[in-house]
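A.B. asks: Sharing a structure here in structure tokens format.
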Amino acid sequence: MEEFDTYIFDFDGTLVDSEYSLFHVFQVGFAEIGRTCTREQSAHYMHQSLLQTIEEAKIPEADQQRFLEAIITSLNAPETNRLIVPFEETKEVMEALLKRGKKLAIASNNVVPHIRDVLDVHGLTSLFQAFAGSDRVKHTKPAPDLVELICEDLHVPCDQRVVYVGDSLQDVATGLAAHASAILVDRENTMPEFVGTKISSLRDLLI
């Protein structure tokens, strides 16, 4: 596989398996406003910002603040962080890329403090040189802002030597919108129609 100078990773679903923990978080948030959330809905919402979720779920303005507060409180709870685990190859691959002299960063619709908290639990924070989340940009994915901000932080141009690695088509669109390269992580081959660069494990980045 082609090597790049800078690897920017999505967080949830790419570096860490957070599907179960976020299902719990969304259940808490929707219960606060008298609604329910299915596992399928949670799996969809986890790939977008909370503002996008509010708009898509048509949450009334009168309920939005309570929804956000419940989500954020649950998201930052220690018991939530303990439910999030890195994929088995995450540390191995990040360390191997660093040994090759690559720059590593995370760009996510999640928020940076939460990302750092989770990485701290697993001793992974020091593997990454920059972090960008929805708390640092005006426009979240699929806008290019997150990837562009990382490039600014790392003082590298947004070009084909930068790659954004994520587990959704929105991630691919984000990387391409920033004029970077993009790789889709499709562990279960749920997107067989995708015609771009696709891998089934982060280990494929080392081949």
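Chains: A, B, ... in order of the structure tokens. Residues: from 1 per chain. Ligands: from 1, in order shown.
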Would you pick out the contacts of Leu15 (chain A) at 9 Å or less, using only C-alpha atoms, so that residues sharing its chain but fewer than 6 positions from it are not included, and give the list as a list in words?
C.D. replies: Phe9, Val85, Pro86, Phe87, Glu89, Thr90, Lys91, Gly166 and Leu202 of chain A
A.B. asks: For the residues in that selection, give me N, CA and C atoms as a PDB file, in the first residue's frame.
C.D. replies:
ATOM      1  N   PHE A   9      -6.439  10.218  11.622  1.00  0.00           N
ATOM      2  CA  PHE A   9      -7.416   9.167  11.865  1.00  0.00           C
ATOM      3  C   PHE A   9      -8.707   9.713  12.451  1.00  0.00           C
ATOM      4  N   VAL A  85     -12.939   0.623  24.003  1.00  0.00           N
ATOM      5  CA  VAL A  85     -11.663  -0.099  23.932  1.00  0.00           C
ATOM      6  C   VAL A  85     -11.031   0.113  22.561  1.00  0.00           C
ATOM      7  N   PRO A  86      -9.714   0.273  22.516  1.00  0.00           N
ATOM      8  CA  PRO A  86      -9.036   0.369  21.216  1.00  0.00           C
ATOM      9  C   PRO A  86      -9.186  -0.950  20.463  1.00  0.00           C
ATOM     10  N   PHE A  87      -9.234  -0.881  19.144  1.00  0.00           N
ATOM     11  CA  PHE A  87      -9.170  -2.111  18.371  1.00  0.00           C
ATOM     12  C   PHE A  87      -7.819  -2.774  18.622  1.00  0.00           C
ATOM     13  N   GLU A  89      -5.440  -3.884  17.018  1.00  0.00           N
ATOM     14  CA  GLU A  89      -4.243  -3.525  16.267  1.00  0.00           C
ATOM     15  C   GLU A  89      -3.854  -2.063  16.396  1.00  0.00           C
ATOM     16  N   THR A  90      -4.659  -1.255  17.079  1.00  0.00           N
ATOM     17  CA  THR A  90      -4.448   0.197  17.074  1.00  0.00           C
ATOM     18  C   THR A  90      -3.055   0.590  17.567  1.00  0.00           C
ATOM     19  N   LYS A  91      -2.685   0.160  18.759  1.00  0.00           N
ATOM     20  CA  LYS A  91      -1.394   0.562  19.322  1.00  0.00           C
ATOM     21  C   LYS A  91      -0.242   0.060  18.465  1.00  0.00           C
ATOM     22  N   GLY A 166     -10.735   6.651   7.910  1.00  0.00           N
ATOM     23  CA  GLY A 166     -11.954   6.591   8.707  1.00  0.00           C
ATOM     24  C   GLY A 166     -12.859   5.452   8.283  1.00  0.00           C
ATOM     25  N   LEU A 202      -6.508  -1.876  10.320  1.00  0.00           N
ATOM     26  CA  LEU A 202      -5.464  -0.847  10.308  1.00  0.00           C
ATOM     27  C   LEU A 202      -4.104  -1.449   9.954  1.00  0.00           C
TER      28      LEU A 202
END
A.B. asks: Would you kindly return, as a list in words, each protein, DNA or RNA residue with an atom no farther than 10 Å from any atom of Arg66 (chain A), considering only C-alpha atoms and excluding same-chain residues fewer than 3 positions away?
C.D. replies: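 The filter keeps Gly29, Phe30, Glu32, Ile33, Glu61, Ala62, Asp63, Glu69, Ala70, Ile71 and Ile72 of chain A.
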A.B. asks: What separation in Å, quoted to one decimal, exists between CA of Ile207 (chain A) and CA of Cys158 (chain A)?
C.D. replies: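 Taking CA of Ile207 (chain A) and CA of Cys158 (chain A), their separation equals 23.7 Å.
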A.B. asks: Rank A:Met1, A:Met94, A:Leu51, A:Leu68 by their smallest atom-to-atom distance to Ala31 (chain A), using only C-alpha atoms, and report the top residue only.
C.D. replies: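 Once distances to Ala31 (chain A) are computed over only C-alpha atoms, the minimum belongs to A:Leu68.
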A.B. asks: What gap, in Å, lies between CA of His44 (chain A) and CA of Arg136 (chain A)?
C.D. replies: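 About the pair CA of His44 (chain A) and CA of Arg136 (chain A): they are 22.2 Å apart.
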A.B. asks: From the list A:Leu97, A:Val195, A:Val28, A:Val121, which residue is nearest Arg82 (chain A) when using only C-alpha atoms?
C.D. replies: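 For Arg82 (chain A), the nearest of the candidates is A:Val121.
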